[in-house]
Structure formats: C-alpha cells, structure tokens
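This is data.tsv (TSV, C-alpha atoms and all ligand atoms).
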```tsv
chain	number	residue	atom	x	y	z
A	910	MET	CA	-26.14	-39.95	18.80
A	911	LYS	CA	-28.56	-38.28	16.41
A	912	LYS	CA	-29.84	-35.73	18.93
A	913	TYR	CA	-26.35	-34.20	19.22
A	914	THR	CA	-26.02	-33.56	15.52
A	915	ILE	CA	-27.65	-30.12	15.26
A	916	PRO	CA	-26.09	-28.60	18.42
A	917	THR	CA	-22.71	-29.90	17.27
A	918	ILE	CA	-23.09	-28.28	13.86
A	919	VAL	CA	-24.21	-25.00	15.46
A	920	LEU	CA	-21.24	-25.11	17.85
A	921	LEU	CA	-18.76	-25.86	15.08
A	922	PHE	CA	-20.21	-23.08	12.95
A	923	SER	CA	-19.97	-20.51	15.73
A	924	LEU	CA	-16.42	-21.57	16.52
A	925	PHE	CA	-15.54	-21.10	12.87
A	926	ALA	CA	-17.30	-17.72	12.71
A	927	CYS	CA	-15.45	-16.53	15.81
A	928	THR	CA	-12.04	-17.51	14.52
A	929	GLU	CA	-12.47	-15.92	11.07
A	930	ASP	CA	-9.86	-13.20	10.71
A	931	GLU	CA	-11.72	-9.97	9.87
A	932	SER	CA	-8.61	-8.47	8.27
A	933	LEU	CA	-8.83	-11.11	5.51
A	934	THR	CA	-12.45	-10.30	4.61
A	935	LEU	CA	-14.02	-7.55	2.49
A	936	ASN	CA	-16.32	-6.60	5.39
A	937	ILE	CA	-16.58	-2.99	6.48
A	938	PRO	CA	-16.32	-2.72	10.28
A	939	GLU	CA	-19.32	-1.09	11.98
A	940	SER	CA	-17.06	1.47	13.62
A	941	GLY	CA	-15.57	2.47	10.26
A	942	PHE	CA	-11.91	2.48	9.30
A	943	GLU	CA	-8.88	4.10	10.83
A	944	VAL	CA	-5.45	4.41	9.25
A	945	VAL	CA	-3.14	1.79	10.79
A	946	GLN	CA	0.08	3.32	12.13
A	947	HIS	CA	3.55	1.80	11.72
A	948	ILE	CA	5.55	0.19	14.53
A	949	PRO	CA	9.32	0.79	14.69
A	950	LYS	CA	11.50	-2.25	13.98
A	951	ASP	CA	12.65	-2.75	17.56
A	952	GLU	CA	9.19	-2.52	19.14
A	953	VAL	CA	6.68	-5.30	19.80
A	954	GLY	CA	3.32	-5.74	18.10
A	955	ARG	CA	4.31	-6.16	14.47
A	956	ASP	CA	3.05	-9.74	14.44
A	957	GLN	CA	-0.48	-8.37	15.10
A	958	ASN	CA	-0.30	-5.36	12.78
A	959	PRO	CA	-1.68	-5.70	9.20
A	960	LEU	CA	1.16	-3.51	7.87
A	961	TYR	CA	3.58	-6.37	8.57
A	962	LEU	CA	1.42	-9.39	7.67
A	963	THR	CA	1.07	-10.91	4.21
A	964	PRO	CA	-2.03	-9.76	2.29
A	965	ARG	CA	-4.07	-12.29	0.33
A	966	LYS	CA	-5.16	-12.18	-3.32
A	967	ILE	CA	-8.63	-11.07	-4.35
A	968	ARG	CA	-10.37	-14.23	-5.60
A	969	ASP	CA	-12.31	-14.74	-8.83
A	970	GLY	CA	-15.75	-14.64	-7.16
A	971	GLU	CA	-15.00	-11.36	-5.40
A	972	PHE	CA	-14.56	-9.16	-8.50
A	973	ASN	CA	-17.45	-7.00	-9.61
A	974	THR	CA	-19.19	-7.33	-6.26
A	975	GLU	CA	-20.72	-4.64	-4.09
A	976	ALA	CA	-18.46	-5.71	-1.22
A	977	LEU	CA	-15.27	-5.11	-3.22
A	978	ASN	CA	-16.48	-1.83	-4.71
A	979	THR	CA	-17.59	-0.51	-1.32
A	980	LEU	CA	-14.24	-1.39	0.25
A	981	ILE	CA	-12.35	0.38	-2.54
A	982	ASP	CA	-14.66	3.43	-2.25
A	983	SER	CA	-13.87	3.51	1.49
A	984	MET	CA	-10.12	3.37	0.84
A	985	TYR	CA	-10.42	6.19	-1.66
A	986	ALA	CA	-12.50	8.34	0.70
A	987	ILE	CA	-9.88	8.00	3.46
A	988	MET	CA	-7.05	8.77	1.04
A	989	GLN	CA	-8.79	11.94	-0.11
A	990	GLN	CA	-9.73	13.02	3.39
A	991	LYS	CA	-6.08	12.68	4.50
A	992	GLU	CA	-4.77	14.34	1.30
A	993	GLY	CA	-2.75	11.25	0.42
A	994	VAL	CA	-1.67	10.31	-3.09
A	995	GLY	CA	-1.95	6.58	-2.54
A	996	ILE	CA	-3.34	4.03	-0.11
A	997	ALA	CA	-2.98	0.28	0.34
A	998	ALA	CA	-5.67	-1.96	1.85
A	999	ASN	CA	-3.50	-3.01	4.79
A	1000	GLN	CA	-3.27	0.65	5.81
A	1001	ILE	CA	-6.94	0.45	6.77
A	1002	GLY	CA	-6.51	-2.95	8.39
A	1003	LYS	CA	-7.39	-5.20	5.44
A	1004	ARG	CA	-4.78	-7.74	4.42
A	1005	LEU	CA	-5.83	-7.69	0.76
A	1006	GLN	CA	-3.79	-7.09	-2.39
A	1007	ILE	CA	-5.34	-3.76	-3.37
A	1008	PHE	CA	-3.96	-0.24	-3.66
A	1009	ILE	CA	-4.97	3.07	-5.22
A	1010	ILE	CA	-2.83	5.88	-6.59
A	1011	GLU	CA	-3.94	9.38	-7.56
A	1012	ALA	CA	-2.40	12.83	-7.35
A	1013	GLU	CA	-4.49	15.83	-8.29
A	1014	SER	CA	-2.58	18.83	-9.55
A	1015	ASP	CA	-3.86	20.91	-6.62
A	1016	ASN	CA	-2.84	18.45	-3.86
A	1017	PRO	CA	-1.20	20.74	-1.28
A	1018	ARG	CA	1.35	18.11	-0.24
A	1019	TYR	CA	2.72	17.30	-3.70
A	1020	LYS	CA	1.60	20.21	-5.88
A	1021	VAL	CA	4.68	20.61	-8.03
A	1022	LEU	CA	5.01	16.97	-9.06
A	1023	GLY	CA	2.09	16.94	-11.44
A	1024	GLU	CA	-1.01	14.90	-11.86
A	1025	VAL	CA	-1.20	11.11	-11.47
A	1026	HIS	CA	-4.43	9.71	-12.79
A	1027	HIS	CA	-6.66	7.59	-10.57
A	1028	GLN	CA	-5.90	3.90	-10.78
A	1029	VAL	CA	-6.84	0.87	-8.68
A	1030	PHE	CA	-4.38	-2.05	-8.66
A	1031	ILE	CA	-5.59	-5.48	-7.55
A	1032	ASN	CA	-3.30	-8.54	-7.25
A	1033	PRO	CA	-0.40	-6.52	-8.72
A	1034	ARG	CA	2.89	-7.90	-9.94
A	1035	ILE	CA	5.90	-5.99	-11.22
A	1036	THR	CA	7.12	-7.49	-14.48
A	1037	LYS	CA	10.02	-5.21	-15.46
A	1038	VAL	CA	12.05	-2.39	-13.90
A	1039	SER	CA	14.47	0.26	-15.13
A	1040	GLU	CA	18.16	0.02	-14.47
A	1041	ASN	CA	18.19	3.60	-13.18
A	1042	ARG	CA	16.89	4.57	-9.79
A	1043	LYS	CA	15.73	7.87	-8.37
A	1044	ASN	CA	15.63	9.09	-4.79
A	1045	PHE	CA	12.47	10.57	-3.36
A	1046	TRP	CA	11.50	11.89	0.08
A	1047	HIS	CA	8.66	9.68	1.25
A	1048	GLY	CA	5.97	10.43	3.79
A	1049	CYS	CA	3.06	8.13	4.63
A	1050	LEU	CA	-0.44	8.18	6.10
A	1051	SER	CA	0.76	5.31	8.33
A	1052	ALA	CA	3.70	7.38	9.60
A	1053	GLU	CA	1.89	10.30	11.22
A	1054	GLY	CA	4.28	12.69	12.93
A	1055	GLU	CA	7.32	10.81	11.61
A	1056	LYS	CA	10.16	12.22	9.59
A	1057	ARG	CA	10.22	12.02	5.81
A	1058	GLY	CA	12.67	9.44	4.47
A	1059	ASN	CA	14.82	9.54	1.34
A	1060	VAL	CA	14.86	6.17	-0.43
A	1061	ALA	CA	15.43	4.93	-3.96
A	1062	THR	CA	12.80	3.59	-6.32
A	1063	PHE	CA	13.09	2.40	-9.91
A	1064	GLU	CA	12.75	5.21	-12.43
A	1065	TRP	CA	10.08	3.22	-14.26
A	1066	ILE	CA	8.30	-0.07	-13.75
A	1067	GLU	CA	6.02	-2.30	-15.81
A	1068	TYR	CA	3.16	-4.04	-14.07
A	1069	GLU	CA	0.35	-6.49	-14.48
A	1070	CYS	CA	-2.73	-6.43	-12.25
A	1071	GLN	CA	-6.50	-6.81	-12.26
A	1072	ASP	CA	-9.10	-4.06	-12.13
A	1073	GLN	CA	-12.35	-4.07	-10.16
A	1074	THR	CA	-14.07	-6.19	-12.82
A	1075	GLY	CA	-11.27	-8.78	-12.71
A	1076	ALA	CA	-9.91	-7.81	-16.14
A	1077	ILE	CA	-6.13	-8.03	-16.56
A	1078	GLN	CA	-4.43	-4.65	-16.94
A	1079	LYS	CA	-0.83	-4.09	-18.03
A	1080	GLY	CA	1.09	-0.87	-18.16
A	1081	ARG	CA	4.19	1.15	-17.54
A	1082	LEU	CA	4.61	3.98	-15.05
A	1083	ASP	CA	7.34	6.57	-14.67
A	1084	GLY	CA	7.88	9.88	-12.84
A	1085	PHE	CA	5.78	10.52	-9.74
A	1086	SER	CA	3.31	7.73	-10.60
A	1087	ALA	CA	6.15	5.13	-10.50
A	1088	VAL	CA	7.21	6.45	-7.06
A	1089	ILE	CA	3.69	6.21	-5.63
A	1090	PHE	CA	3.16	2.75	-7.15
A	1091	GLN	CA	6.36	1.45	-5.52
A	1092	HIS	CA	5.50	3.10	-2.19
A	1093	GLU	CA	2.13	1.30	-2.14
A	1094	TYR	CA	3.63	-1.96	-3.41
A	1095	ARG	CA	6.07	-1.76	-0.45
A	1096	HIS	CA	3.04	-1.71	1.87
A	1097	LEU	CA	1.78	-4.98	0.38
A	1098	MET	CA	5.29	-6.50	0.63
A	1099	ASN	CA	5.08	-5.60	4.37
A	1100	GLY	CA	6.63	-2.60	6.08
A	1101	THR	CA	7.07	1.07	5.27
A	1102	TYR	CA	9.81	3.44	4.06
A	1103	LEU	CA	10.83	3.91	7.71
A	1104	ASP	CA	12.28	0.37	7.70
A	1105	HIS	CA	14.58	1.30	4.79
A	1106	ALA	CA	15.42	4.99	4.85
A	1107	GLN	CA	18.80	6.03	6.21
A	1108	HIS	CA	18.29	9.73	5.51
A	1109	LEU	CA	15.42	11.16	7.52
A	1110	LEU	CA	14.33	14.79	7.84
A	1111	ALA	CA	11.45	16.43	9.71
A	1112	LYS	CA	8.76	17.75	7.36
A	1113	GLU	CA	9.25	21.30	8.71
A	1114	GLU	CA	12.91	21.11	7.82
A	1115	LEU	CA	12.46	19.36	4.48
A	1116	ASP	CA	9.62	21.41	2.95
A	1117	PRO	CA	11.52	24.75	2.78
A	1118	LYS	CA	14.56	22.99	1.28
A	1119	LEU	CA	12.39	21.40	-1.41
A	1120	ALA	CA	10.59	24.68	-2.05
A	1121	SER	CA	13.84	26.65	-2.43
A	1122	GLY	CA	15.46	23.99	-4.60
A	1123	GLU	CA	18.21	23.31	-2.06
A	1124	LEU	CA	17.07	19.70	-2.20
A	1125	PRO	CA	15.60	18.21	-5.38
A	1126	PHE	CA	12.34	16.22	-5.37
A	1127	PHE	CA	14.04	13.60	-7.54
A	1128	GLU	CA	17.73	12.86	-7.81
A	1129	ALA	CA	19.57	10.04	-9.51
A	1130	ALA	CA	20.37	7.32	-6.99
A	1131	SER	CA	23.45	5.13	-6.89
A	1132	ASP	CA	23.14	1.37	-6.36
A	1133	THR	CA	24.41	1.69	-2.82
A	1134	LEU	CA	21.39	3.65	-1.54
A	1135	PRO	CA	18.53	1.66	0.03
A	1136	LEU	CA	15.88	0.48	-2.38
A	1137	LEU	CA	12.32	0.88	-1.11
A	1138	ILE	CA	11.08	-2.39	-2.60
A	1139	GLU	CA	14.16	-4.42	-1.71
A	1140	GLY	CA	13.39	-8.09	-2.37
A	1141	VAL	CA	10.93	-7.46	-5.22
A	1142	GLN	CA	10.53	-10.54	-7.43
A	1143	LEU	CA	9.79	-9.76	-11.05
A	1144	GLY	CA	6.78	-11.48	-12.55
A	1145	LYS	CA	5.69	-13.04	-9.27
A	1146	GLY	CA	2.53	-12.38	-7.28
A	1147	LEU	CA	2.97	-11.20	-3.70
A	1148	GLU	CA	1.77	-14.49	-2.25
A	1149	GLU	CA	4.61	-16.30	-4.09
A	1150	TYR	CA	7.31	-14.29	-2.31
A	1201	ZN	ZN	2.39	4.77	2.79
```
This entry written out as structure tokens:
Amino acid sequence: MKKYTIPTIVLLFSLFACTEDESLTLNIPESGFEVVQHIPKDEVGRDQNPLYLTPRKIRDGEFNTEALNTLIDSMYAIMQQKEGVGIAANQIGKRLQIFIIEAESDNPRYKVLGEVHHQVFINPRITKVSENRKNFWHGCLSAEGEKRGNVATFEWIEYECQDQTGAIQKGRLDGFSAVIFQHEYRHLMNGTYLDHAQHLLAKEELDPKLASGELPFFEAASDTLPLLIEGVQLGKGLEEY
C-alpha cells in the first residue's frame, strides 16, 4: 500500500494542475494577451468565452502582489495600444473582477468628451444610481468591425470597490466617466452593448453626424430605451447576482 502513496499524490497533483482554469488565475500567458471578441446572441461558443462567464472576486491574499500589479499593467498597456478608454479583465481572457477607465483629452476616438482620470476598480459594486438616464453611442475593443450602439446608462452612479492595495474606495461618477464605468461594469455582468442596443450605426456613418452635431453625444433617455446594465443590483457584489 505504502509504495503507491507518492505516485498517487503526484498523479492527483498533476490532474489538479491540468484542470485548473487559467482564466481564473492572475497568470500571464506566455504568448501574451489578445482582446477577446464578442459572439452574437444566436451563435455558439458563448459558454466557452470569458465575456459571457461570471468573473470571480480578487481575494485578500492577492492584493498588493506582483502578480496582480503585472496583470493590471498588461490590461492598461493593451487599452492604450488600442486607444480605448476602458478595459475589463474578461476582455483579455481573465474572469476577474477588475476594470480600468481613463480618457486622455487627446484620445482621437473621444476627444470632445473631456478627460477621465485613470482609475482601477477591483471587486466593484454600484451602491446608488440617478433617476435620469442618458443615451450614448458605444463602441468596444471586443466589438471590432461592429456598428456602434446607442444605449442608456445612468447619468451618475455611486460605487464602492477596492484598489490595488485592497483599500476600500467609494465615489461618485458622472458625465463621460459614468458612461465608461457602466460600459466596463456591463462586461463583468457578462455580455456587451451589442446584446442590448436596438439602434446601431456604422462608425463611418455615425462619426460625421456626431462631428456636425446632427446627433448629440449625450441625450436624455426615456425609461423605455434599453439600459446597458439591465439587471444591476444595488449594493451587491457581482458574484451575488
Ligand atoms: Zn467594451
């Protein structure tokens, strides 16, 4: 009996190591990251795609570690390279409750909307929302080549989250920063704006209309228009949904 003990342990360990889901770890893949692309509602493969699978919380022992900081640096580098104004961890294949927002005033995609200062949100929850909603034309790094979609978001939100050291942060966002926050929060709730938008326009068609003022960047939304974060539960963490 005894002579089987070590091989059995080795076998069990390797079985465990093989079955560990890489998307739930902080590990950086050797081949680097790629932006995960969306899958339309009626197509197969969503059950394998991190954009549609629940992300887990960052745990106490993972804050303030090199692994977490390196992962966040990688997310930020991809966001900047792609000229995005936000990125969620599941967009690079990691099912983790992390997203970043930042819009520099010279971002060519969103120049006129002003600056949104750099902020990392970990284990976020939305604690309060405005009654009023605003429409915004969304695009996404995970929707390459797709049309922009007009959906409603709350005019302002209040949040609670943790930062990279694990400290609790609370705040309120409005304007463009509230839009980006809700766009990224949608990613962690599963799915993208393409699952919700009823009004879609090709970028080439939309951009001149926005530039000429024919269409506004923000417009007041009525309650009947689709809400990007439909199903949001105030005060709850994403894993409690
Ligand atoms: Zn997105």
Within 8 Å of ligand ZN 1201 (chain A) (only C-alpha atoms and all ligand atoms), residues as JSON, numbers by chain: {"A": [995, 996, 997, 1000, 1048, 1049, 1050, 1051, 1052, 1092, 1093, 1096, 1101, 1102]}
Who sits within 10 Å of A:Lys1145, all atoms listed in the file, same chain under 6 positions skipped, as a ChimeraX atom specification: /A:1033-1036,1069
Length of the atom CA of A:Glu952 to atom CA of A:Asp1132 vector [Å]: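 If I compute the distance from atom CA of A:Glu952 to atom CA of A:Asp1132, I get 29.3 Å.
You can rank A:Glu1040, A:Arg968, A:Leu977, A:Ser1086 by their closest distance to A:Glu1013 using all atoms listed in the file, and at the top of that list sits A:Ser1086.
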Contacts of stretch 1134-1140 of chain A within 10 Å, all atoms listed in the file, excl. fewer than 5 positions in-chain, as a ChimeraX atom specification: /A:1042-1045,1047,1059-1063,1088,1091-1096,1098-1108,1150
Between atom CA of A:Leu935 and atom CA of A:Phe972 - distance in Å to one decimal: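 Result for atom CA of A:Phe972 versus atom CA of A:Leu935: 11.1 Å, one decimal.
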Gap from atom CA of A:Asp1083 to atom CA of A:Glu1064 - Å, one decimal: 6.0 Å
7 Å contact set for A:Arg1081, all atoms listed in the file, chain neighbours under 4 positions out, as an NGL selection string: :A and (1066-1068)
Sort by chain and increasing residue number a table of all residues of stretch 997-1057 of chain A within 10 Å of stretch 987-992 of chain A, each with its closest pair of atoms and their distance in Å to one decimal, counting all atoms listed in the file, and write it as a tab-separated table.
```
residue	atom	partner	partner_atom	distance
A:Ala997	CA	A:Met988	CA	9.4
A:Ile1001	CA	A:Ile987	CA	8.8
A:Ile1009	CA	A:Met988	CA	8.7
A:Ile1010	CA	A:Met988	CA	9.2
A:Glu1011	CA	A:Met988	CA	9.2
A:Ala1012	CA	A:Glu992	CA	9.1
A:Glu1013	CA	A:Glu992	CA	9.7
A:Asn1016	CA	A:Glu992	CA	6.9
A:Pro1017	CA	A:Glu992	CA	7.8
A:Arg1018	CA	A:Glu992	CA	7.4
A:Tyr1019	CA	A:Glu992	CA	9.5
A:Leu1050	CA	A:Lys991	CA	7.4
```
Nearest to A:Pro959, chosen from A:Asp982, A:Glu1024, A:Glu1114, A:Glu931, with only C-alpha atoms counted in the distances: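 Closest candidate: A:Glu931.
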Distance criterion (only C-alpha atoms): nearest to A:Thr963 out of A:Leu1097, A:Val1025, A:Ile1007, A:Ala1076: A:Leu1097
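By chain and then residue number, the residues within 12 Å of A:Glu975 are Leu935, Asn936, Ile937, Gly970, Glu971, Thr979, Leu980, Ile981, Asp982, Gln1073 and Thr1074 of chain A, counting all atoms listed in the file and disregarding those fewer than 4 positions away in sequence.
Of the listed residues (A:Ser983, A:Gly1146, A:His947, A:Ile1089), A:Gly1146 comes nearest to A:Ile1031; the distances count all atoms listed in the file.
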Which of A:Val1141, A:Ala1129, A:Asp969, A:Glu939 sits closest to A:Ile1077 [using only C-alpha atoms]: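 Of all the options, A:Asp969 lies closest to A:Ile1077.
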Nearest candidate to A:Gly1002 (options A:Gln1142, A:Asn978, A:Asn958, A:Gln1071; using all atoms listed in the file):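 Closest residue, counting all atoms listed in the file: A:Asn958.
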